[in-house]
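Student: Pasting in a structure now, in structure tokens, and then I'll have a few things to ask.
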Amino acid sequence: MDQLLERFLSYVAVETQAKPQARQVPSSEGQWTLARKLQEELIALGFVDVSLSDHCCVMGTLPANVDWPTPVIGFISHMDTSPDFTAKNVNPQIIENYRGGDIALGTGEEVLSPVMFPILHKLIGHTLITTDGKTLLGADDKAGIAEIMTAMARLVEGDIPHGAIRVAFTPDEEIGRGTSHFDVEGFAADWAYTIDGSDLGEFEYENFNAASAVVKVVGNNVHPGSAKGVMVNALDVATAFHAEVPSQERPQFTDGYEGFYHLHQMKGTVEHAELQYIIRDFDTEAFEQRKQVLTAIAERLNAGLHKDCSVTVEISNSYRNMREKVEPHPHIIELALQAMRDCGIEPKVKPIRGGTDGSALSWKGLPCPNIFTGGYNYHGKHEFASLNIMAQSVEVIVRLAALAAEKKG
């Protein structure tokens, strides 16, 4: 675990926070820094065909050490970290043999508490890696990178039979651009796994269908002293719009396979207002119905407005449920579940209430379900990782490589 920890700490030290407003890919210079570092490490491990694309995607091949035909499998993680919380000057804390209770984050008043995060009760005795309360950690997804690199090093150093293995490290996953320039044909794997999950045993091959909606309201502003019968307050219309969105179908009231509408930004004046929503649902038909709900609300409100005022809804699709593309290949699923069981881990098959690079890659022709990393509380100052579970993820990756080599011909 020492090598795994060393790798992880070296990766989180590189600031790679994605920048949503940037137009270029990658969106931040630090991703180039980490990409070049990983490129050098792959070459040092003996990988061949190591490349760094113009859009900062690292790829490489670990050659087979068997002389029979085997499938080519891939392992993928992303290099960027979330824009939701600062990632500058990450200063991890190492808590060995966690004994329970609150963990002080740095020297301030921030704590990581099992009262707020009950998962900590299950991690007694683990080595935990936390933040100092001032930044996120970056386990999403540098834990995955460290696990892939450590697993590859073990395969290089050991005598475990394996076929050719492809690895890739992508940019800008957190802002939905991680696979926009991914060369699936060049990657040349039969299938792959993203190492980008969370709790021990998690395995995911379905995710939300996702879209964004921008609601724009045009009102009519006049002096409030003479507003009767004339003023149309865009802010009032915007709040009326949101009031018609099903109140129990919001993130804070949903889990499992339940979809939602999420208002994540609003702004405006009397003259103009704007609401920004994300729409999520696992079921394709229900997903389309959710879009229609927002459109219908706009139509109802427009019917009562002056002709110079309006409510418009602009909807853009983001990503789709990978299940439709992964499920026709059940051996990909069964191999991962067998690898976990062989490592003494009980699989937890669950849907991703979000998206990963794997969803887009699956729709590009590379079936790509998702495997746990041992990271928790992503995107904020309470993010942490269990080194013990990270090590178990390494074991699963190694076992997957060995199982794939048994599929001769």
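Residue numbering restarts at 1 for every chain of the structure tokens, chains are lettered A, B, ... in their displayed order, and ligands are numbered from 1 as they appear.
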Can you tell me which residues surround A:Pro114 at a distance of at most 8 Å, considering only C-alpha atoms, apart from same-chain residues fewer than 5 positions away, and format the answer as a compact mmCIF listing (two decimals) with N, CA and C atoms, in the first residue's frame?

Tutor:
# COMPACT_ATOMS: atom_id res chain seq x y z
N GLY A 100 -12.39 5.77 15.00
CA GLY A 100 -13.75 6.26 15.16
C GLY A 100 -13.79 7.69 15.65
N GLY A 101 -14.97 8.27 15.64
CA GLY A 101 -15.13 9.64 16.12
C GLY A 101 -14.80 10.68 15.07
N ASP A 102 -14.84 11.93 15.51
CA ASP A 102 -14.57 13.05 14.61
C ASP A 102 -13.09 13.10 14.22
N ILE A 119 -20.81 6.43 6.96
CA ILE A 119 -19.93 5.44 6.34
C ILE A 119 -18.65 5.27 7.16
N LEU A 120 -18.26 6.29 7.90
CA LEU A 120 -17.04 6.21 8.71
C LEU A 120 -17.12 5.10 9.74
N HIS A 121 -18.32 4.77 10.20
CA HIS A 121 -18.46 3.68 11.18
C HIS A 121 -17.96 2.35 10.61

Student: Do a neighbour search on A:Lys381 at 9 Å with only C-alpha atoms, toss out local chain neighbours closer than 3 positions, and write the hits as an mmCIF file with C-alpha atoms, in the first residue's frame.

Tutor:
data_model
loop_
_atom_site.group_PDB
_atom_site.id
_atom_site.type_symbol
_atom_site.label_atom_id
_atom_site.label_comp_id
_atom_site.auth_asym_id
_atom_site.auth_seq_id
_atom_site.Cartn_x
_atom_site.Cartn_y
_atom_site.Cartn_z
ATOM 1 C CA PHE A 85 -14.778 23.539 -4.639
ATOM 2 C CA THR A 86 -11.227 24.827 -4.651
ATOM 3 C CA LEU A 105 -9.506 18.751 9.308
ATOM 4 C CA GLU A 110 -13.829 21.779 10.290
ATOM 5 C CA THR A 130 -8.589 13.414 4.220
ATOM 6 C CA THR A 131 -8.371 17.078 3.312
ATOM 7 C CA ASP A 132 -7.208 19.816 5.657
ATOM 8 C CA GLY A 133 -10.656 21.404 5.403
ATOM 9 C CA LYS A 134 -9.601 24.031 2.881
ATOM 10 C CA THR A 135 -9.768 22.167 -0.426
ATOM 11 C CA LEU A 136 -11.259 19.079 -1.966
ATOM 12 C CA LEU A 137 -8.992 16.022 -2.009
ATOM 13 C CA ASN A 377 -17.832 12.707 -0.276
ATOM 14 C CA TYR A 378 -16.598 13.904 -3.648
ATOM 15 C CA PHE A 384 -11.694 11.434 1.821
#

Student: With a cut-off of 6 Å, could you pull out the residues of stretch 28-116 of chain A touching stretch 149-173 of chain A and give me the nearest pair of atoms for each, distance in Å to one decimal, using only C-alpha atoms, ordered by chain and ascending number, as JSON lines?

Tutor:
{"residue": "A:Cys57", "atom": "CA", "partner": "A:Thr170", "partner_atom": "CA", "distance": 4.9}
{"residue": "A:Val58", "atom": "CA", "partner": "A:Phe169", "partner_atom": "CA", "distance": 5.1}
{"residue": "A:Met59", "atom": "CA", "partner": "A:Ala168", "partner_atom": "CA", "distance": 4.4}
{"residue": "A:Gly60", "atom": "CA", "partner": "A:Val167", "partner_atom": "CA", "distance": 5.6}
{"residue": "A:Thr61", "atom": "CA", "partner": "A:Arg166", "partner_atom": "CA", "distance": 4.6}
{"residue": "A:Leu62", "atom": "CA", "partner": "A:Ile165", "partner_atom": "CA", "distance": 5.1}
{"residue": "A:Pro63", "atom": "CA", "partner": "A:Ala164", "partner_atom": "CA", "distance": 4.7}
{"residue": "A:Ala64", "atom": "CA", "partner": "A:Gly163", "partner_atom": "CA", "distance": 4.1}
{"residue": "A:Asn65", "atom": "CA", "partner": "A:His162", "partner_atom": "CA", "distance": 5.9}
{"residue": "A:Thr70", "atom": "CA", "partner": "A:Gly163", "partner_atom": "CA", "distance": 5.6}
{"residue": "A:Val72", "atom": "CA", "partner": "A:Ala164", "partner_atom": "CA", "distance": 5.4}
{"residue": "A:Ile73", "atom": "CA", "partner": "A:Ile165", "partner_atom": "CA", "distance": 5.3}
{"residue": "A:Gly74", "atom": "CA", "partner": "A:Arg166", "partner_atom": "CA", "distance": 4.5}
{"residue": "A:Phe75", "atom": "CA", "partner": "A:Val167", "partner_atom": "CA", "distance": 4.9}
{"residue": "A:Ile76", "atom": "CA", "partner": "A:Ala168", "partner_atom": "CA", "distance": 4.9}
{"residue": "A:Ser77", "atom": "CA", "partner": "A:Phe169", "partner_atom": "CA", "distance": 5.1}
{"residue": "A:His78", "atom": "CA", "partner": "A:Thr170", "partner_atom": "CA", "distance": 4.5}
{"residue": "A:Met79", "atom": "CA", "partner": "A:Pro171", "partner_atom": "CA", "distance": 5.5}
{"residue": "A:Asp80", "atom": "CA", "partner": "A:Asp172", "partner_atom": "CA", "distance": 5.5}

Student: Would you save the residues of that selection, restricted to all heavy atoms, as a short mmCIF file (atom, residue, chain, number, x, y, z; two decimals), in the first residue's frame?

Tutor:
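To be explicit, this is the file written out as out25.cif:
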data_model
loop_
_atom_site.label_atom_id
_atom_site.label_comp_id
_atom_site.auth_asym_id
_atom_site.auth_seq_id
_atom_site.Cartn_x
_atom_site.Cartn_y
_atom_site.Cartn_z
N CYS A 57 -5.37 13.53 -23.80
CA CYS A 57 -5.75 12.18 -23.40
C CYS A 57 -4.51 11.29 -23.48
O CYS A 57 -3.86 11.22 -24.53
CB CYS A 57 -6.85 11.63 -24.31
SG CYS A 57 -7.44 10.01 -23.82
N VAL A 58 -4.18 10.65 -22.37
CA VAL A 58 -3.03 9.75 -22.31
C VAL A 58 -3.49 8.33 -22.58
O VAL A 58 -4.48 7.88 -21.99
CB VAL A 58 -2.35 9.81 -20.92
CG1 VAL A 58 -1.11 8.91 -20.90
CG2 VAL A 58 -2.00 11.23 -20.56
N MET A 59 -2.78 7.62 -23.46
CA MET A 59 -3.09 6.22 -23.72
C MET A 59 -1.80 5.42 -23.77
O MET A 59 -0.74 5.96 -24.10
CB MET A 59 -3.83 6.04 -25.06
CG MET A 59 -5.22 6.60 -25.11
SD MET A 59 -6.05 6.21 -26.69
CE MET A 59 -7.62 7.05 -26.46
N GLY A 60 -1.90 4.15 -23.44
CA GLY A 60 -0.73 3.28 -23.53
C GLY A 60 -1.15 1.82 -23.46
O GLY A 60 -2.28 1.50 -23.04
N THR A 61 -0.24 0.93 -23.86
CA THR A 61 -0.51 -0.50 -23.90
C THR A 61 0.51 -1.27 -23.07
O THR A 61 1.72 -1.09 -23.25
CB THR A 61 -0.44 -1.03 -25.35
OG1 THR A 61 -1.35 -0.31 -26.16
CG2 THR A 61 -0.77 -2.51 -25.40
N LEU A 62 0.00 -2.10 -22.17
CA LEU A 62 0.85 -3.08 -21.49
C LEU A 62 0.81 -4.35 -22.34
O LEU A 62 -0.26 -4.97 -22.47
CB LEU A 62 0.34 -3.36 -20.09
CG LEU A 62 1.14 -4.40 -19.28
CD1 LEU A 62 2.57 -3.91 -19.04
CD2 LEU A 62 0.45 -4.72 -17.96
N PRO A 63 1.93 -4.75 -22.94
CA PRO A 63 1.90 -5.91 -23.83
C PRO A 63 1.53 -7.19 -23.08
O PRO A 63 1.77 -7.33 -21.88
CB PRO A 63 3.35 -5.99 -24.35
CG PRO A 63 3.91 -4.62 -24.15
CD PRO A 63 3.26 -4.11 -22.91
N ALA A 64 0.92 -8.11 -23.80
CA ALA A 64 0.56 -9.40 -23.23
C ALA A 64 1.80 -10.18 -22.84
O ALA A 64 2.86 -10.05 -23.45
CB ALA A 64 -0.27 -10.19 -24.24
N ASN A 65 1.67 -11.02 -21.81
CA ASN A 65 2.77 -11.92 -21.45
C ASN A 65 2.36 -13.38 -21.67
O ASN A 65 2.97 -14.29 -21.11
CB ASN A 65 3.23 -11.70 -20.01
CG ASN A 65 2.14 -12.00 -18.98
OD1 ASN A 65 1.03 -12.38 -19.32
ND2 ASN A 65 2.48 -11.83 -17.70
N THR A 70 -6.11 -13.26 -26.74
CA THR A 70 -6.99 -12.89 -25.63
C THR A 70 -7.70 -11.59 -25.98
O THR A 70 -7.26 -10.83 -26.85
CB THR A 70 -6.19 -12.66 -24.33
OG1 THR A 70 -5.37 -11.50 -24.49
CG2 THR A 70 -5.33 -13.86 -23.98
N VAL A 72 -8.64 -7.72 -25.59
CA VAL A 72 -7.91 -6.54 -25.12
C VAL A 72 -8.87 -5.74 -24.25
O VAL A 72 -9.92 -5.28 -24.72
CB VAL A 72 -7.42 -5.68 -26.29
CG1 VAL A 72 -6.71 -4.43 -25.77
CG2 VAL A 72 -6.48 -6.48 -27.19
N ILE A 73 -8.55 -5.61 -22.96
CA ILE A 73 -9.42 -4.84 -22.07
C ILE A 73 -8.74 -3.54 -21.70
O ILE A 73 -7.51 -3.41 -21.77
CB ILE A 73 -9.81 -5.63 -20.80
CG1 ILE A 73 -8.59 -5.94 -19.92
CG2 ILE A 73 -10.54 -6.91 -21.17
CD1 ILE A 73 -8.98 -6.52 -18.57
N GLY A 74 -9.55 -2.56 -21.31
CA GLY A 74 -9.02 -1.26 -20.97
C GLY A 74 -9.44 -0.81 -19.58
O GLY A 74 -10.45 -1.28 -19.03
N PHE A 75 -8.65 0.09 -19.01
CA PHE A 75 -8.96 0.71 -17.72
C PHE A 75 -8.77 2.22 -17.88
O PHE A 75 -7.75 2.67 -18.41
CB PHE A 75 -8.07 0.17 -16.61
CG PHE A 75 -8.25 -1.30 -16.36
CD1 PHE A 75 -7.35 -2.23 -16.87
CD2 PHE A 75 -9.34 -1.76 -15.63
CE1 PHE A 75 -7.53 -3.58 -16.67
CE2 PHE A 75 -9.52 -3.12 -15.42
CZ PHE A 75 -8.62 -4.04 -15.93
N ILE A 76 -9.76 2.98 -17.41
CA ILE A 76 -9.81 4.42 -17.69
C ILE A 76 -10.14 5.20 -16.42
O ILE A 76 -11.03 4.80 -15.65
CB ILE A 76 -10.87 4.72 -18.77
CG1 ILE A 76 -10.55 3.96 -20.07
CG2 ILE A 76 -10.99 6.21 -19.03
CD1 ILE A 76 -11.67 3.98 -21.09
N SER A 77 -9.45 6.30 -16.21
CA SER A 77 -9.78 7.25 -15.14
C SER A 77 -9.57 8.66 -15.65
O SER A 77 -8.85 8.87 -16.63
CB SER A 77 -8.91 7.01 -13.90
OG SER A 77 -9.25 5.80 -13.26
N HIS A 78 -10.17 9.63 -14.97
CA HIS A 78 -10.02 11.02 -15.43
C HIS A 78 -9.09 11.81 -14.52
O HIS A 78 -8.99 11.56 -13.32
CB HIS A 78 -11.38 11.71 -15.57
CG HIS A 78 -12.16 11.88 -14.30
ND1 HIS A 78 -12.03 12.99 -13.49
CD2 HIS A 78 -13.11 11.11 -13.72
CE1 HIS A 78 -12.87 12.89 -12.47
NE2 HIS A 78 -13.54 11.75 -12.58
N MET A 79 -8.42 12.78 -15.13
CA MET A 79 -7.38 13.55 -14.45
C MET A 79 -7.88 14.82 -13.79
O MET A 79 -7.24 15.34 -12.87
CB MET A 79 -6.28 13.93 -15.45
CG MET A 79 -5.57 12.74 -16.06
SD MET A 79 -4.31 13.22 -17.27
CE MET A 79 -5.35 13.79 -18.63
N ASP A 80 -9.00 15.35 -14.24
CA ASP A 80 -9.47 16.62 -13.69
C ASP A 80 -10.21 16.42 -12.38
O ASP A 80 -10.66 15.32 -12.06
CB ASP A 80 -10.39 17.31 -14.70
CG ASP A 80 -11.65 16.50 -15.01
OD1 ASP A 80 -11.51 15.29 -15.28
OD2 ASP A 80 -12.76 17.07 -14.98
#

Student: Using only C-alpha atoms, which of A:Thr179, A:Gln276, A:Thr254, A:Ser247 sits nearest A:Tyr319?

Tutor: A:Thr179

Student: To one decimal in Å, tell me the separation between atom CA of A:Val398 and atom CA of A:Ile129.

Tutor: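 Computed distance, atom CA of A:Val398 to atom CA of A:Ile129, equals 23.0 Å.
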
Student: Ranking A:Glu258, A:Asp308, A:Glu6, A:Glu15 by minimum distance to A:Leu387 and counting only C-alpha atoms, which one comes first?

Tutor: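 Of A:Glu258, A:Asp308, A:Glu6, A:Glu15, the one nearest A:Leu387 is A:Glu6, counting only C-alpha atoms.
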
Student: Taking only stretch 21-103 of chain A into account, list the residues labelled helix (DSSP H, G or I) by DSSP (computed from the backbone), as a count of residues only.

Tutor: 17

Student: Could you name the residues that touch A:His181 at 9 Å or less, counting only C-alpha atoms, but leaving out those on the same chain fewer than 2 positions away, as a list in words?

Tutor: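 Listing them by chain and then by number gives Val25, Ser53, His55, Cys57, Arg177, Gly178, Thr179 and Asp183 of chain A.
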
Student: Counting only C-alpha atoms, which of A:Lys307, A:Lys325, A:His272, A:Arg250 gets nearest to A:Ser359?

Tutor: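 Going through A:Lys307, A:Lys325, A:His272, A:Arg250 one by one, the smallest distance to A:Ser359 is for A:Lys325.
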
Student: What's the separation between atom CA of A:Thr16 and atom CA of A:Arg36, in Å to one decimal place?

Tutor: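 Computing the Euclidean distance for atom CA of A:Thr16 and atom CA of A:Arg36 yields 12.5 Å.
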
Student: Pick out the residues sitting within 7 Å of A:Ile278, and hand them over as a list in words; count only C-alpha atoms, and ignore anything fewer than 5 positions along from it in its own chain.

Tutor: Ala211, Ser212, Ala213, Tyr261, His262 and Leu263 of chain A

Student: Next, write the just-selected residues to a file, as an mmCIF file, in the first residue's frame, keeping all heavy atoms as the atom set.

Tutor:
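result_32.cif, written as the output of this step:
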data_model
loop_
_atom_site.group_PDB
_atom_site.id
_atom_site.type_symbol
_atom_site.label_atom_id
_atom_site.label_comp_id
_atom_site.auth_asym_id
_atom_site.auth_seq_id
_atom_site.Cartn_x
_atom_site.Cartn_y
_atom_site.Cartn_z
ATOM 1 N N ALA A 211 -30.028 15.875 -19.233
ATOM 2 C CA ALA A 211 -30.208 17.047 -20.086
ATOM 3 C C ALA A 211 -30.152 18.297 -19.223
ATOM 4 O O ALA A 211 -30.331 18.235 -18.003
ATOM 5 C CB ALA A 211 -31.545 16.983 -20.828
ATOM 6 N N SER A 212 -29.904 19.419 -19.861
ATOM 7 C CA SER A 212 -29.969 20.712 -19.183
ATOM 8 C C SER A 212 -31.071 21.535 -19.822
ATOM 9 O O SER A 212 -31.359 21.399 -21.016
ATOM 10 C CB SER A 212 -28.630 21.449 -19.281
ATOM 11 O OG SER A 212 -28.293 21.679 -20.639
ATOM 12 N N ALA A 213 -31.697 22.367 -19.029
ATOM 13 C CA ALA A 213 -32.766 23.230 -19.524
ATOM 14 C C ALA A 213 -32.525 24.655 -19.045
ATOM 15 O O ALA A 213 -32.249 24.888 -17.864
ATOM 16 C CB ALA A 213 -34.119 22.735 -19.031
ATOM 17 N N TYR A 261 -35.814 16.861 -11.249
ATOM 18 C CA TYR A 261 -35.524 18.169 -11.816
ATOM 19 C C TYR A 261 -34.697 18.911 -10.767
ATOM 20 O O TYR A 261 -35.051 18.908 -9.588
ATOM 21 C CB TYR A 261 -36.795 18.982 -12.056
ATOM 22 C CG TYR A 261 -37.867 18.297 -12.863
ATOM 23 C CD1 TYR A 261 -38.834 17.499 -12.233
ATOM 24 C CD2 TYR A 261 -37.963 18.474 -14.237
ATOM 25 C CE1 TYR A 261 -39.841 16.889 -12.950
ATOM 26 C CE2 TYR A 261 -38.975 17.868 -14.970
ATOM 27 C CZ TYR A 261 -39.904 17.069 -14.326
ATOM 28 O OH TYR A 261 -40.901 16.462 -15.037
ATOM 29 N N HIS A 262 -33.630 19.576 -11.193
ATOM 30 C CA HIS A 262 -32.794 20.284 -10.223
ATOM 31 C C HIS A 262 -32.542 21.702 -10.708
ATOM 32 O O HIS A 262 -31.867 21.918 -11.722
ATOM 33 C CB HIS A 262 -31.463 19.548 -10.046
ATOM 34 C CG HIS A 262 -30.494 20.251 -9.140
ATOM 35 N ND1 HIS A 262 -30.868 20.819 -7.947
ATOM 36 C CD2 HIS A 262 -29.156 20.467 -9.252
ATOM 37 C CE1 HIS A 262 -29.807 21.354 -7.362
ATOM 38 N NE2 HIS A 262 -28.762 21.163 -8.137
ATOM 39 N N LEU A 263 -33.107 22.665 -9.992
ATOM 40 C CA LEU A 263 -32.817 24.069 -10.261
ATOM 41 C C LEU A 263 -31.480 24.403 -9.606
ATOM 42 O O LEU A 263 -31.363 24.402 -8.383
ATOM 43 C CB LEU A 263 -33.926 24.956 -9.679
ATOM 44 C CG LEU A 263 -33.691 26.467 -9.760
ATOM 45 C CD1 LEU A 263 -33.632 26.940 -11.202
ATOM 46 C CD2 LEU A 263 -34.778 27.211 -8.987
#

Student: Given only C-alpha atoms as the basis, pick out the residue of A:Ser362, A:Asn233, A:Ser386, A:Ser180 nearest to A:Ser310.

Tutor: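 Looking only at the distances to A:Ser310, the closest residue turns out to be A:Asn233.
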
Student: Out of stretch 40-175 of chain A, which residues get strand (DSSP E) from DSSP, as a ChimeraX atom specification?

Tutor: /A:48-52,58-62,73-78,93-95,103-104,111-112,128-130,165-170

Student: For A:Arg399, which residue out of A:Gly344, A:Gly144, A:Gly46, A:Pro369 is the nearest one, using only C-alpha atoms?

Tutor: A:Gly344

Student: If you count only C-alpha atoms, which residues fall within 9 Å of A:Phe372, apart from same-chain ones fewer than 5 positions away, as a PyMOL selection string?

Tutor: chain A and resi 144+194-204+389-390+393

Student: With all heavy atoms retained, write the just-selected residues as a tab-separated table (two decimals), in the first residue's frame.

Tutor:
chain	number	residue	atom	x	y	z
A	144	GLY	N	-8.60	6.59	-8.67
A	144	GLY	CA	-8.67	5.65	-9.79
A	144	GLY	C	-7.39	5.58	-10.58
A	144	GLY	O	-6.93	4.50	-10.97
A	194	THR	N	-14.23	2.01	-16.38
A	194	THR	CA	-13.77	3.21	-15.68
A	194	THR	C	-13.59	2.85	-14.21
A	194	THR	O	-14.40	2.13	-13.64
A	194	THR	CB	-14.77	4.38	-15.81
A	194	THR	OG1	-16.08	3.94	-15.46
A	194	THR	CG2	-14.78	4.93	-17.23
A	195	ILE	N	-12.53	3.35	-13.63
A	195	ILE	CA	-12.27	3.17	-12.19
A	195	ILE	C	-12.60	4.52	-11.58
A	195	ILE	O	-11.75	5.40	-11.42
A	195	ILE	CB	-10.81	2.75	-11.92
A	195	ILE	CG1	-10.41	1.60	-12.84
A	195	ILE	CG2	-10.65	2.36	-10.45
A	195	ILE	CD1	-11.24	0.33	-12.70
A	196	ASP	N	-13.89	4.71	-11.26
A	196	ASP	CA	-14.37	6.05	-10.90
A	196	ASP	C	-15.58	5.97	-9.96
A	196	ASP	O	-16.40	6.89	-9.93
A	196	ASP	CB	-14.74	6.81	-12.19
A	196	ASP	CG	-14.97	8.30	-11.96
A	196	ASP	OD1	-14.53	8.82	-10.92
A	196	ASP	OD2	-15.60	8.93	-12.83
A	197	GLY	N	-15.70	4.87	-9.22
A	197	GLY	CA	-16.82	4.72	-8.30
A	197	GLY	C	-16.45	5.17	-6.91
A	197	GLY	O	-15.54	5.96	-6.70
A	198	SER	N	-17.11	4.60	-5.91
A	198	SER	CA	-16.90	5.05	-4.54
A	198	SER	C	-16.72	3.87	-3.60
A	198	SER	O	-15.61	3.34	-3.46
A	198	SER	CB	-18.07	5.94	-4.10
A	198	SER	OG	-17.87	6.44	-2.80
A	199	ASP	N	-17.78	3.41	-2.95
A	199	ASP	CA	-17.70	2.48	-1.85
A	199	ASP	C	-17.27	1.08	-2.31
A	199	ASP	O	-17.48	0.68	-3.45
A	199	ASP	CB	-19.05	2.40	-1.15
A	199	ASP	CG	-19.00	1.74	0.21
A	199	ASP	OD1	-17.91	1.71	0.83
A	199	ASP	OD2	-20.05	1.25	0.67
A	200	LEU	N	-16.69	0.33	-1.39
A	200	LEU	CA	-16.21	-1.02	-1.65
A	200	LEU	C	-17.28	-1.88	-2.32
A	200	LEU	O	-18.40	-1.99	-1.84
A	200	LEU	CB	-15.79	-1.68	-0.33
A	200	LEU	CG	-15.32	-3.14	-0.41
A	200	LEU	CD1	-14.02	-3.24	-1.19
A	200	LEU	CD2	-15.15	-3.73	0.99
A	201	GLY	N	-16.91	-2.49	-3.43
A	201	GLY	CA	-17.80	-3.41	-4.12
A	201	GLY	C	-18.75	-2.78	-5.12
A	201	GLY	O	-19.45	-3.49	-5.84
A	202	GLU	N	-18.78	-1.46	-5.19
A	202	GLU	CA	-19.69	-0.83	-6.13
A	202	GLU	C	-19.34	-1.19	-7.57
A	202	GLU	O	-18.18	-1.14	-7.98
A	202	GLU	CB	-19.66	0.70	-5.99
A	202	GLU	CG	-20.43	1.23	-4.81
A	202	GLU	CD	-20.49	2.74	-4.78
A	202	GLU	OE1	-19.88	3.39	-5.66
A	202	GLU	OE2	-21.14	3.27	-3.86
A	203	PHE	N	-20.38	-1.55	-8.31
A	203	PHE	CA	-20.23	-1.82	-9.74
A	203	PHE	C	-21.46	-1.26	-10.44
A	203	PHE	O	-22.59	-1.55	-10.04
A	203	PHE	CB	-20.10	-3.32	-10.01
A	203	PHE	CG	-19.94	-3.63	-11.48
A	203	PHE	CD1	-18.75	-3.35	-12.12
A	203	PHE	CD2	-20.97	-4.20	-12.20
A	203	PHE	CE1	-18.59	-3.63	-13.47
A	203	PHE	CE2	-20.84	-4.47	-13.55
A	203	PHE	CZ	-19.63	-4.19	-14.19
A	204	GLU	N	-21.23	-0.47	-11.45
A	204	GLU	CA	-22.32	0.27	-12.08
A	204	GLU	C	-22.24	0.16	-13.60
A	204	GLU	O	-21.19	0.40	-14.19
A	204	GLU	CB	-22.24	1.75	-11.67
A	204	GLU	CG	-22.33	1.94	-10.16
A	204	GLU	CD	-21.44	3.05	-9.62
A	204	GLU	OE1	-20.35	3.26	-10.20
A	204	GLU	OE2	-21.82	3.68	-8.63
A	389	ILE	N	-9.40	0.31	0.98
A	389	ILE	CA	-10.31	0.00	-0.12
A	389	ILE	C	-9.66	0.31	-1.46
A	389	ILE	O	-9.88	-0.40	-2.45
A	389	ILE	CB	-11.64	0.75	0.07
A	389	ILE	CG1	-12.32	0.26	1.35
A	389	ILE	CG2	-12.57	0.53	-1.13
A	389	ILE	CD1	-13.60	1.00	1.70
A	390	MET	N	-8.84	1.33	-1.51
A	390	MET	CA	-8.07	1.60	-2.73
A	390	MET	C	-7.23	0.39	-3.09
A	390	MET	O	-7.14	-0.01	-4.26
A	390	MET	CB	-7.19	2.83	-2.54
A	390	MET	CG	-7.94	4.14	-2.48
A	390	MET	SD	-6.85	5.56	-2.11
A	390	MET	CE	-5.80	5.57	-3.57
A	393	SER	N	-9.31	-2.21	-4.67
A	393	SER	CA	-9.59	-1.89	-6.06
A	393	SER	C	-8.44	-2.34	-6.95
A	393	SER	O	-8.65	-2.87	-8.05
A	393	SER	CB	-9.84	-0.39	-6.22
A	393	SER	OG	-10.13	-0.07	-7.57
